[in-house]
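Before any comments, here is the structure.
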Amino acid sequence: MEAPLMEPGPLDAGLYIVATPIGNLGDITRRAVETLDRCALVACEDTRVTGKLLNLLGLHKPLRRYDDHASDVAREALLSEMAEKAVVLVSDAGTPLISDPGYRLVRDARARGIVVTSIPGPSALVTALSMAGLPTDRFMFAGFLPAKDKARGDVLAELAAVPATLVFYDTGPRLVASLDAIARCLPGREVAVARELTKLHEECRSGTAQDLAEHYTAHPPRGEIVLLIGPPGPPVAPEDDVIEAELRAALAEMSTSQAAGKVAKAHGLDRKTLYARALEINGELKG
């Protein structure tokens with residue numbers, strides 16, 4: 001499909017969300033370059049990083065810092081400007097708002113009737129998913145894993161039963177601790193580490209969390225990292241004697257129907273079969 005060229009001249013007023021390369025300058029889209037060329041102002045996390053990108057593209061635009069620490073006053077100033085001219089929002093790399101600032105700005109712009117346009121492009125999340133070899137029919141992106149051990153373990157425990165590939169962002173200094181936590185909390189899961197994406201030393205390594213932790217302990221990683229965890233396998237049915245014991249314990253506290261329902265729900269078993277066995281147990285107890 002042939003991409004239409006943009007009309008020459010300034011863009012219409014509004015907010016333009018522009019994805020930028022995550023490592024390889026060749027990944028920037030023609031539409032992104034044209035939008036940056038025709039906008040009136042660029043809001044960015046770090047003016048030095050974005051200034052370098054614009055210089056490489058041969059562009060010169062006014063830059064305004066806008067990050068997670070930006071004040072309400074700074075956001076209001078940008079909203080006022082985009083009501084009259086084209087304001088571009090970029091992050092340091094990749095697609096804005098994906099674990100990057102911008103959510104409040106976009107929400108407030110839409111609430112005020114300001115046109116918001118997204119110019120899609122590179123994303124570390126999607127790039128990693130496409131090359132990791134883990135299921136992609138369902139995935140859950142959960143941002144950065146917490147830095148502290150307890151909080152990290154709590155998040156992993158909370159997401160353990162989600163029937164999807166889990167995706168996190170991480171950093172080199174914290175990766176081994178994250179892998180150790182995954183080995184403890186989610187043993188047996190397939191894990192992938194994608195790093196230096198689109199760059200010269202791009203790597204996507206998969207295996208168990210324990211094996212990967214040993215590798216990266218010996219070879220400390222650099223750069224930003226995408227950490228992926230495969231979905232849980234099918235539940236393993238407990239032994240018959242365990243089910244029997246749980247049914248008997250439940251029957252001591254509730255009705256036959258409730259006991260069968262409780263044990264069936266806990267293990268994903270057939271309720272009718274358990275109800276029949278619960279009736280037999282009641283008959284034995286009364287006999």
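In the structure tokens, each chain is lettered A, B, ... as it comes, each chain's residues begin at 1, and ligands are numbered from 1 in order of appearance.
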Residue contacts of region 164-171 of chain A (8 Å, only C-alpha atoms) excluding same-chain residues fewer than 5 positions away, as a VMD selection string: chain A and resid 125 134 to 145 222 to 232
Could the residues in this selection be saved with N, CA, C and O atoms as an mmCIF file, in the first residue's frame?
```cif
data_model
loop_
_atom_site.group_PDB
_atom_site.id
_atom_site.type_symbol
_atom_site.label_atom_id
_atom_site.label_comp_id
_atom_site.auth_asym_id
_atom_site.auth_seq_id
_atom_site.Cartn_x
_atom_site.Cartn_y
_atom_site.Cartn_z
ATOM 1 N N LEU A 125 8.000 -3.115 23.680
ATOM 2 C CA LEU A 125 7.052 -4.148 24.083
ATOM 3 C C LEU A 125 6.691 -5.063 22.910
ATOM 4 O O LEU A 125 6.825 -6.290 22.990
ATOM 5 N N LEU A 134 7.260 -16.712 22.725
ATOM 6 C CA LEU A 134 6.246 -17.028 23.727
ATOM 7 C C LEU A 134 4.865 -16.713 23.153
ATOM 8 O O LEU A 134 4.753 -15.945 22.193
ATOM 9 N N PRO A 135 3.799 -17.292 23.711
ATOM 10 C CA PRO A 135 2.457 -17.066 23.158
ATOM 11 C C PRO A 135 2.115 -15.578 23.090
ATOM 12 O O PRO A 135 2.357 -14.827 24.039
ATOM 13 N N THR A 136 1.554 -15.166 21.958
ATOM 14 C CA THR A 136 1.202 -13.764 21.778
ATOM 15 C C THR A 136 -0.303 -13.548 21.574
ATOM 16 O O THR A 136 -0.741 -12.421 21.384
ATOM 17 N N ASP A 137 -1.086 -14.646 21.625
ATOM 18 C CA ASP A 137 -2.528 -14.478 21.461
ATOM 19 C C ASP A 137 -3.120 -13.730 22.643
ATOM 20 O O ASP A 137 -4.126 -13.028 22.509
ATOM 21 N N ARG A 138 -2.473 -13.868 23.801
ATOM 22 C CA ARG A 138 -2.850 -13.097 24.984
ATOM 23 C C ARG A 138 -1.567 -12.660 25.680
ATOM 24 O O ARG A 138 -0.682 -13.480 25.931
ATOM 25 N N PHE A 139 -1.470 -11.382 25.988
ATOM 26 C CA PHE A 139 -0.331 -10.937 26.789
ATOM 27 C C PHE A 139 -0.771 -9.790 27.681
ATOM 28 O O PHE A 139 -1.742 -9.087 27.388
ATOM 29 N N MET A 140 -0.069 -9.618 28.777
ATOM 30 C CA MET A 140 -0.363 -8.542 29.721
ATOM 31 C C MET A 140 0.902 -7.759 29.979
ATOM 32 O O MET A 140 1.908 -8.317 30.428
ATOM 33 N N PHE A 141 0.880 -6.473 29.693
ATOM 34 C CA PHE A 141 2.012 -5.601 29.965
ATOM 35 C C PHE A 141 1.798 -4.963 31.326
ATOM 36 O O PHE A 141 0.763 -4.361 31.588
ATOM 37 N N ALA A 142 2.779 -5.096 32.217
ATOM 38 C CA ALA A 142 2.628 -4.617 33.596
ATOM 39 C C ALA A 142 3.700 -3.620 33.990
ATOM 40 O O ALA A 142 4.011 -3.470 35.174
ATOM 41 N N GLY A 143 4.289 -2.935 33.010
ATOM 42 C CA GLY A 143 5.251 -1.880 33.334
ATOM 43 C C GLY A 143 6.534 -2.416 33.935
ATOM 44 O O GLY A 143 6.994 -3.515 33.601
ATOM 45 N N PHE A 144 7.115 -1.657 34.840
ATOM 46 C CA PHE A 144 8.349 -2.061 35.512
ATOM 47 C C PHE A 144 8.033 -2.871 36.757
ATOM 48 O O PHE A 144 7.130 -2.510 37.528
ATOM 49 N N LEU A 145 8.764 -3.958 36.974
ATOM 50 C CA LEU A 145 8.670 -4.670 38.244
ATOM 51 C C LEU A 145 9.223 -3.778 39.355
ATOM 52 O O LEU A 145 10.198 -3.053 39.139
ATOM 53 N N ARG A 222 23.618 -4.709 30.053
ATOM 54 C CA ARG A 222 23.487 -3.259 29.959
ATOM 55 C C ARG A 222 22.224 -2.920 29.191
ATOM 56 O O ARG A 222 21.628 -3.746 28.534
ATOM 57 N N GLY A 223 21.855 -1.662 29.281
ATOM 58 C CA GLY A 223 20.738 -1.174 28.483
ATOM 59 C C GLY A 223 19.389 -1.515 29.078
ATOM 60 O O GLY A 223 19.275 -2.176 30.112
ATOM 61 N N GLU A 224 18.349 -1.050 28.390
ATOM 62 C CA GLU A 224 16.981 -1.319 28.821
ATOM 63 C C GLU A 224 16.562 -2.715 28.370
ATOM 64 O O GLU A 224 16.995 -3.208 27.340
ATOM 65 N N ILE A 225 15.696 -3.315 29.183
ATOM 66 C CA ILE A 225 15.385 -4.734 29.018
ATOM 67 C C ILE A 225 13.881 -4.951 29.010
ATOM 68 O O ILE A 225 13.135 -4.298 29.742
ATOM 69 N N VAL A 226 13.449 -5.900 28.176
ATOM 70 C CA VAL A 226 12.073 -6.381 28.229
ATOM 71 C C VAL A 226 12.124 -7.811 28.766
ATOM 72 O O VAL A 226 12.839 -8.657 28.236
ATOM 73 N N LEU A 227 11.377 -8.042 29.815
ATOM 74 C CA LEU A 227 11.362 -9.328 30.498
ATOM 75 C C LEU A 227 9.999 -9.975 30.274
ATOM 76 O O LEU A 227 8.968 -9.386 30.592
ATOM 77 N N LEU A 228 10.002 -11.179 29.701
ATOM 78 C CA LEU A 228 8.750 -11.865 29.362
ATOM 79 C C LEU A 228 8.654 -13.192 30.099
ATOM 80 O O LEU A 228 9.657 -13.921 30.209
ATOM 81 N N ILE A 229 7.462 -13.507 30.583
ATOM 82 C CA ILE A 229 7.221 -14.741 31.328
ATOM 83 C C ILE A 229 6.073 -15.484 30.661
ATOM 84 O O ILE A 229 4.980 -14.931 30.481
ATOM 85 N N GLY A 230 6.305 -16.732 30.297
ATOM 86 C CA GLY A 230 5.269 -17.518 29.645
ATOM 87 C C GLY A 230 4.069 -17.747 30.550
ATOM 88 O O GLY A 230 4.168 -17.673 31.779
ATOM 89 N N PRO A 231 2.898 -18.023 29.967
ATOM 90 C CA PRO A 231 1.677 -18.231 30.762
ATOM 91 C C PRO A 231 1.757 -19.522 31.572
ATOM 92 O O PRO A 231 2.574 -20.405 31.281
ATOM 93 N N PRO A 232 0.918 -19.636 32.594
ATOM 94 C CA PRO A 232 0.911 -20.869 33.390
ATOM 95 C C PRO A 232 0.406 -22.047 32.565
ATOM 96 O O PRO A 232 -0.393 -21.875 31.637
#
```
A:Val90, A:Ala249, A:Ala160, A:Ala276: which is nearest Arg189 (chain A), counting only C-alpha atoms?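 So, comparing all the options, the nearest one is A:Ala160.
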Pick out the closest residue to Ser99 (chain A) from this set: A:Ser123, A:Lys199, A:Ile17, A:Thr256. Count only C-alpha atoms.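 Checking each candidate against Ser99 (chain A), we get A:Ser123 as the closest.
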Which residue, A:Ala209, A:Asn55, A:Thr47, A:Ala124, has the smallest gap to Ala194 (chain A) when you use only C-alpha atoms?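 Of A:Ala209, A:Asn55, A:Thr47, A:Ala124, the one nearest Ala194 (chain A), counting only C-alpha atoms, is A:Ala124.
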Close residues, Pro96 (chain A) itself excluded, 10 Å, only C-alpha atoms, min 4 positions apart in chain, as a ChimeraX atom specification: /A:17-20,44-45,89-92,100-103,118,120,123
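Among the candidates A:Ala128, A:Arg48, A:Gly153, A:Arg277, the one nearest to Glu196 (chain A) when counting only C-alpha atoms is A:Ala128.
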Alpha helix (DSSP H) residues, from DSSP on the backbone, in region 42-133 of chain A, as a compact mmCIF listing (two decimals) with N, CA and C atoms, in the first residue's frame:
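Written file, states.txt:
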```
# COMPACT_ATOMS: atom_id res chain seq x y z
N THR A 47 15.18 17.18 26.81
CA THR A 47 15.44 18.00 25.63
C THR A 47 16.76 17.63 24.96
N ARG A 48 17.71 17.10 25.74
CA ARG A 48 19.00 16.71 25.15
C ARG A 48 18.83 15.49 24.25
N VAL A 49 18.07 14.52 24.71
CA VAL A 49 17.85 13.30 23.92
C VAL A 49 17.07 13.63 22.65
N THR A 50 15.98 14.36 22.78
CA THR A 50 15.16 14.69 21.62
C THR A 50 15.88 15.66 20.69
N GLY A 51 16.66 16.58 21.28
CA GLY A 51 17.43 17.50 20.46
C GLY A 51 18.43 16.77 19.59
N LYS A 52 19.03 15.72 20.12
CA LYS A 52 19.98 14.92 19.35
C LYS A 52 19.27 14.22 18.19
N LEU A 53 18.07 13.68 18.46
CA LEU A 53 17.31 13.01 17.40
C LEU A 53 16.95 14.00 16.30
N LEU A 54 16.47 15.17 16.68
CA LEU A 54 16.09 16.16 15.67
C LEU A 54 17.29 16.60 14.85
N ASN A 55 18.44 16.75 15.48
CA ASN A 55 19.66 17.11 14.75
C ASN A 55 20.02 16.05 13.72
N LEU A 56 19.88 14.78 14.11
CA LEU A 56 20.18 13.69 13.17
C LEU A 56 19.22 13.70 11.99
N LEU A 57 18.00 14.18 12.23
CA LEU A 57 17.00 14.24 11.16
C LEU A 57 17.07 15.56 10.39
N ASP A 72 1.18 20.80 37.15
CA ASP A 72 -0.11 21.08 36.52
C ASP A 72 -0.02 22.35 35.67
N VAL A 73 0.79 23.29 36.13
CA VAL A 73 0.95 24.55 35.39
C VAL A 73 1.58 24.27 34.02
N ALA A 74 2.60 23.37 33.99
CA ALA A 74 3.26 23.03 32.73
C ALA A 74 2.29 22.33 31.79
N ARG A 75 1.45 21.46 32.33
CA ARG A 75 0.46 20.76 31.49
C ARG A 75 -0.56 21.75 30.94
N GLU A 76 -1.00 22.67 31.77
CA GLU A 76 -1.96 23.68 31.32
C GLU A 76 -1.38 24.53 30.19
N ALA A 77 -0.11 24.86 30.31
CA ALA A 77 0.53 25.67 29.27
C ALA A 77 0.54 24.94 27.94
N LEU A 78 0.85 23.63 27.97
CA LEU A 78 0.85 22.84 26.74
C LEU A 78 -0.56 22.72 26.16
N LEU A 79 -1.55 22.53 27.02
CA LEU A 79 -2.93 22.41 26.56
C LEU A 79 -3.39 23.70 25.89
N SER A 80 -2.98 24.81 26.44
CA SER A 80 -3.35 26.10 25.85
C SER A 80 -2.73 26.25 24.46
N GLU A 81 -1.47 25.80 24.33
CA GLU A 81 -0.79 25.94 23.04
C GLU A 81 -1.39 25.02 21.98
N MET A 82 -1.71 23.78 22.38
CA MET A 82 -2.21 22.84 21.36
C MET A 82 -3.63 23.17 20.92
N TYR A 103 -0.07 10.35 29.93
CA TYR A 103 -1.46 9.94 30.12
C TYR A 103 -2.36 11.12 30.50
N ARG A 104 -1.94 11.91 31.48
CA ARG A 104 -2.77 13.03 31.91
C ARG A 104 -2.93 14.07 30.81
N LEU A 105 -1.86 14.29 30.07
CA LEU A 105 -1.91 15.27 28.99
C LEU A 105 -2.92 14.85 27.92
N VAL A 106 -2.88 13.58 27.53
CA VAL A 106 -3.81 13.08 26.52
C VAL A 106 -5.24 13.10 27.05
N ARG A 107 -5.42 12.66 28.28
CA ARG A 107 -6.77 12.66 28.87
C ARG A 107 -7.37 14.05 28.90
N ASP A 108 -6.58 15.03 29.37
CA ASP A 108 -7.08 16.40 29.47
C ASP A 108 -7.32 17.01 28.09
N ALA A 109 -6.47 16.69 27.13
CA ALA A 109 -6.67 17.21 25.77
C ALA A 109 -7.99 16.69 25.20
N ARG A 110 -8.27 15.42 25.36
CA ARG A 110 -9.51 14.85 24.84
C ARG A 110 -10.72 15.44 25.56
N ALA A 111 -10.59 15.65 26.86
CA ALA A 111 -11.70 16.22 27.62
C ALA A 111 -12.05 17.62 27.15
N ALA A 124 9.27 -1.13 22.23
CA ALA A 124 10.06 -2.24 22.76
C ALA A 124 9.17 -3.41 23.16
N LEU A 125 8.00 -3.12 23.68
CA LEU A 125 7.05 -4.15 24.08
C LEU A 125 6.69 -5.06 22.91
N VAL A 126 6.26 -4.49 21.81
CA VAL A 126 5.83 -5.27 20.64
C VAL A 126 7.03 -5.95 19.99
N THR A 127 8.16 -5.24 19.92
CA THR A 127 9.36 -5.83 19.31
C THR A 127 9.78 -7.09 20.05
N ALA A 128 9.79 -7.03 21.37
CA ALA A 128 10.19 -8.19 22.18
C ALA A 128 9.20 -9.34 22.02
N LEU A 129 7.92 -9.04 22.05
CA LEU A 129 6.91 -10.09 21.90
C LEU A 129 7.06 -10.82 20.57
N SER A 130 7.39 -10.07 19.52
CA SER A 130 7.45 -10.67 18.19
C SER A 130 8.62 -11.60 18.02
N MET A 131 9.63 -11.52 18.88
CA MET A 131 10.83 -12.33 18.68
C MET A 131 11.11 -13.32 19.80
N ALA A 132 10.33 -13.28 20.89
CA ALA A 132 10.65 -14.10 22.06
C ALA A 132 10.20 -15.55 21.94
```
Just the strand (DSSP E) stuff from region 15-231 of chain A, please, per backbone DSSP, written as a PyMOL selection string. chain A and resi 15-18+41-44+63-65+86-89+116-119+139-144+165-171+191-195+203-207+224-229
Only N, CA and C atoms, please: the residues just picked out, written as a compact mmCIF listing (two decimals), in the first residue's frame.
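Wrote part27.txt, looks like this:
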```
# COMPACT_ATOMS: atom_id res chain seq x y z
N LEU A 15 -2.87 17.73 19.41
CA LEU A 15 -1.79 16.97 20.05
C LEU A 15 -1.46 15.77 19.17
N TYR A 16 -0.18 15.62 18.83
CA TYR A 16 0.29 14.53 17.98
C TYR A 16 1.25 13.66 18.79
N ILE A 17 0.86 12.39 18.97
CA ILE A 17 1.69 11.43 19.70
C ILE A 17 2.59 10.74 18.70
N VAL A 18 3.89 10.96 18.80
CA VAL A 18 4.83 10.45 17.78
C VAL A 18 5.78 9.42 18.39
N LEU A 41 5.77 22.83 18.05
CA LEU A 41 6.44 22.63 19.33
C LEU A 41 6.54 21.13 19.62
N VAL A 42 7.65 20.72 20.25
CA VAL A 42 7.84 19.32 20.64
C VAL A 42 7.97 19.24 22.16
N ALA A 43 7.05 18.50 22.79
CA ALA A 43 7.14 18.23 24.22
C ALA A 43 7.85 16.90 24.41
N CYS A 44 8.83 16.85 25.30
CA CYS A 44 9.67 15.65 25.40
C CYS A 44 10.14 15.44 26.83
N LEU A 63 11.72 23.05 21.84
CA LEU A 63 11.52 21.88 22.70
C LEU A 63 11.01 22.33 24.06
N ARG A 64 10.09 21.56 24.62
CA ARG A 64 9.56 21.85 25.95
C ARG A 64 9.62 20.57 26.78
N ARG A 65 10.25 20.64 27.93
CA ARG A 65 10.36 19.45 28.78
C ARG A 65 8.99 19.10 29.38
N ALA A 86 -0.02 22.99 16.47
CA ALA A 86 0.33 21.57 16.54
C ALA A 86 1.45 21.33 17.55
N VAL A 87 1.16 20.53 18.56
CA VAL A 87 2.14 20.16 19.57
C VAL A 87 2.40 18.66 19.47
N VAL A 88 3.65 18.28 19.34
CA VAL A 88 4.05 16.87 19.29
C VAL A 88 4.50 16.42 20.66
N LEU A 89 4.11 15.23 21.05
CA LEU A 89 4.61 14.60 22.29
C LEU A 89 5.46 13.39 21.91
N VAL A 116 -6.59 14.66 19.11
CA VAL A 116 -5.40 13.88 19.45
C VAL A 116 -5.15 12.87 18.34
N THR A 117 -3.95 12.89 17.78
CA THR A 117 -3.58 11.99 16.70
C THR A 117 -2.35 11.18 17.09
N SER A 118 -2.37 9.88 16.83
CA SER A 118 -1.21 9.04 17.15
C SER A 118 -0.50 8.61 15.87
N ILE A 119 0.80 8.83 15.83
CA ILE A 119 1.62 8.41 14.70
C ILE A 119 2.39 7.17 15.17
N PHE A 139 -1.47 -11.38 25.99
CA PHE A 139 -0.33 -10.94 26.79
C PHE A 139 -0.77 -9.79 27.68
N MET A 140 -0.07 -9.62 28.78
CA MET A 140 -0.36 -8.54 29.72
C MET A 140 0.90 -7.76 29.98
N PHE A 141 0.88 -6.47 29.69
CA PHE A 141 2.01 -5.60 29.97
C PHE A 141 1.80 -4.96 31.33
N ALA A 142 2.78 -5.10 32.22
CA ALA A 142 2.63 -4.62 33.60
C ALA A 142 3.70 -3.62 33.99
N GLY A 143 4.29 -2.93 33.01
CA GLY A 143 5.25 -1.88 33.33
C GLY A 143 6.53 -2.42 33.94
N PHE A 144 7.11 -1.66 34.84
CA PHE A 144 8.35 -2.06 35.51
C PHE A 144 8.03 -2.87 36.76
N THR A 165 0.93 -14.36 28.49
CA THR A 165 2.34 -14.01 28.63
C THR A 165 2.44 -12.68 29.37
N LEU A 166 3.25 -12.65 30.40
CA LEU A 166 3.45 -11.42 31.18
C LEU A 166 4.66 -10.69 30.63
N VAL A 167 4.55 -9.38 30.49
CA VAL A 167 5.63 -8.57 29.93
C VAL A 167 5.94 -7.42 30.89
N PHE A 168 7.22 -7.28 31.22
CA PHE A 168 7.68 -6.20 32.09
C PHE A 168 8.84 -5.48 31.43
N TYR A 169 9.05 -4.24 31.80
CA TYR A 169 10.30 -3.55 31.49
C TYR A 169 11.20 -3.69 32.71
N ASP A 170 12.50 -3.71 32.47
CA ASP A 170 13.45 -3.85 33.57
C ASP A 170 14.74 -3.14 33.19
N THR A 171 15.66 -3.07 34.15
CA THR A 171 16.95 -2.45 33.90
C THR A 171 18.07 -3.44 34.20
N VAL A 191 10.93 -18.22 30.41
CA VAL A 191 11.21 -16.79 30.53
C VAL A 191 12.09 -16.36 29.37
N ALA A 192 11.90 -15.12 28.92
CA ALA A 192 12.76 -14.57 27.88
C ALA A 192 13.24 -13.18 28.29
N VAL A 193 14.47 -12.88 27.95
CA VAL A 193 15.06 -11.57 28.21
C VAL A 193 15.45 -10.96 26.87
N ALA A 194 14.84 -9.85 26.52
CA ALA A 194 15.16 -9.16 25.27
C ALA A 194 15.83 -7.83 25.62
N ARG A 195 17.00 -7.60 25.04
CA ARG A 195 17.74 -6.38 25.38
C ARG A 195 18.47 -5.82 24.17
N GLU A 203 19.82 -8.83 21.61
CA GLU A 203 19.83 -10.19 22.15
C GLU A 203 18.44 -10.55 22.67
N CYS A 204 18.03 -11.79 22.41
CA CYS A 204 16.82 -12.32 23.02
C CYS A 204 17.15 -13.74 23.48
N ARG A 205 17.28 -13.91 24.77
CA ARG A 205 17.70 -15.19 25.36
C ARG A 205 16.53 -15.76 26.17
N SER A 206 16.25 -17.05 26.01
CA SER A 206 15.15 -17.66 26.74
C SER A 206 15.62 -18.90 27.50
N GLY A 207 14.83 -19.29 28.48
CA GLY A 207 15.15 -20.44 29.31
C GLY A 207 14.40 -20.34 30.62
N GLU A 224 18.35 -1.05 28.39
CA GLU A 224 16.98 -1.32 28.82
C GLU A 224 16.56 -2.72 28.37
N ILE A 225 15.70 -3.31 29.18
CA ILE A 225 15.39 -4.73 29.02
C ILE A 225 13.88 -4.95 29.01
N VAL A 226 13.45 -5.90 28.18
CA VAL A 226 12.07 -6.38 28.23
C VAL A 226 12.12 -7.81 28.77
N LEU A 227 11.38 -8.04 29.82
CA LEU A 227 11.36 -9.33 30.50
C LEU A 227 10.00 -9.98 30.27
N LEU A 228 10.00 -11.18 29.70
CA LEU A 228 8.75 -11.87 29.36
C LEU A 228 8.65 -13.19 30.10
N ILE A 229 7.46 -13.51 30.58
CA ILE A 229 7.22 -14.74 31.33
C ILE A 229 6.07 -15.48 30.66
```
Looking at only C-alpha atoms, which of A:Val176, A:Glu239, A:Pro234, A:Leu36 is the one that sits closest to His215 (chain A)?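 Nearest candidate to His215 (chain A) out of A:Val176, A:Glu239, A:Pro234, A:Leu36: A:Val176.
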Residues at most 8 Å from region 156-159 of chain A, counting only C-alpha atoms, excluding those fewer than 6 positions away in the same chain, as a PyMOL selection string? chain A and resi 182+185-186
Counting only C-alpha atoms, figure out which residue out of A:Leu251, A:Ala83, A:Ala266, A:Ala147 gets nearest to Leu279 (chain A).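 Of all the options, A:Leu251 lies closest to Leu279 (chain A).
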Extract, using only C-alpha atoms, all DNA, RNA and protein residues at most 10 Å from Lys272 (chain A), discarding same-chain residues fewer than 6 positions from it, and format them as a PDB file with all heavy atoms, in the first residue's frame.
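Everything below was put into result_39.pdb:
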```pdb
ATOM      1  N   SER A 257     -24.363 -29.613  48.584  1.00  0.00           N
ATOM      2  CA  SER A 257     -24.224 -28.827  47.360  1.00  0.00           C
ATOM      3  C   SER A 257     -23.111 -27.782  47.491  1.00  0.00           C
ATOM      4  O   SER A 257     -22.303 -27.605  46.580  1.00  0.00           O
ATOM      5  CB  SER A 257     -25.551 -28.133  47.039  1.00  0.00           C
ATOM      6  OG  SER A 257     -25.425 -27.329  45.888  1.00  0.00           O
ATOM      7  N   ALA A 260     -19.589 -29.511  47.492  1.00  0.00           N
ATOM      8  CA  ALA A 260     -19.191 -29.932  46.143  1.00  0.00           C
ATOM      9  C   ALA A 260     -18.782 -28.723  45.310  1.00  0.00           C
ATOM     10  O   ALA A 260     -17.777 -28.768  44.584  1.00  0.00           O
ATOM     11  CB  ALA A 260     -20.331 -30.681  45.478  1.00  0.00           C
ATOM     12  N   GLY A 261     -19.551 -27.657  45.417  1.00  0.00           N
ATOM     13  CA  GLY A 261     -19.233 -26.447  44.661  1.00  0.00           C
ATOM     14  C   GLY A 261     -17.913 -25.830  45.072  1.00  0.00           C
ATOM     15  O   GLY A 261     -17.131 -25.376  44.222  1.00  0.00           O
ATOM     16  N   ALA A 264     -15.015 -28.106  43.807  1.00  0.00           N
ATOM     17  CA  ALA A 264     -14.963 -28.066  42.344  1.00  0.00           C
ATOM     18  C   ALA A 264     -14.335 -26.759  41.860  1.00  0.00           C
ATOM     19  O   ALA A 264     -13.496 -26.758  40.953  1.00  0.00           O
ATOM     20  CB  ALA A 264     -16.361 -28.222  41.769  1.00  0.00           C
ATOM     21  N   ALA A 278     -19.991 -36.566  47.260  1.00  0.00           N
ATOM     22  CA  ALA A 278     -20.365 -35.980  48.545  1.00  0.00           C
ATOM     23  C   ALA A 278     -21.597 -36.665  49.118  1.00  0.00           C
ATOM     24  O   ALA A 278     -21.693 -36.890  50.334  1.00  0.00           O
ATOM     25  CB  ALA A 278     -20.606 -34.483  48.377  1.00  0.00           C
TER      26      ALA A 278
END
```
Provide the CA of Glu84 (chain A) to CA of Ala13 (chain A) distance in Å, to one decimal place. 5.2 Å
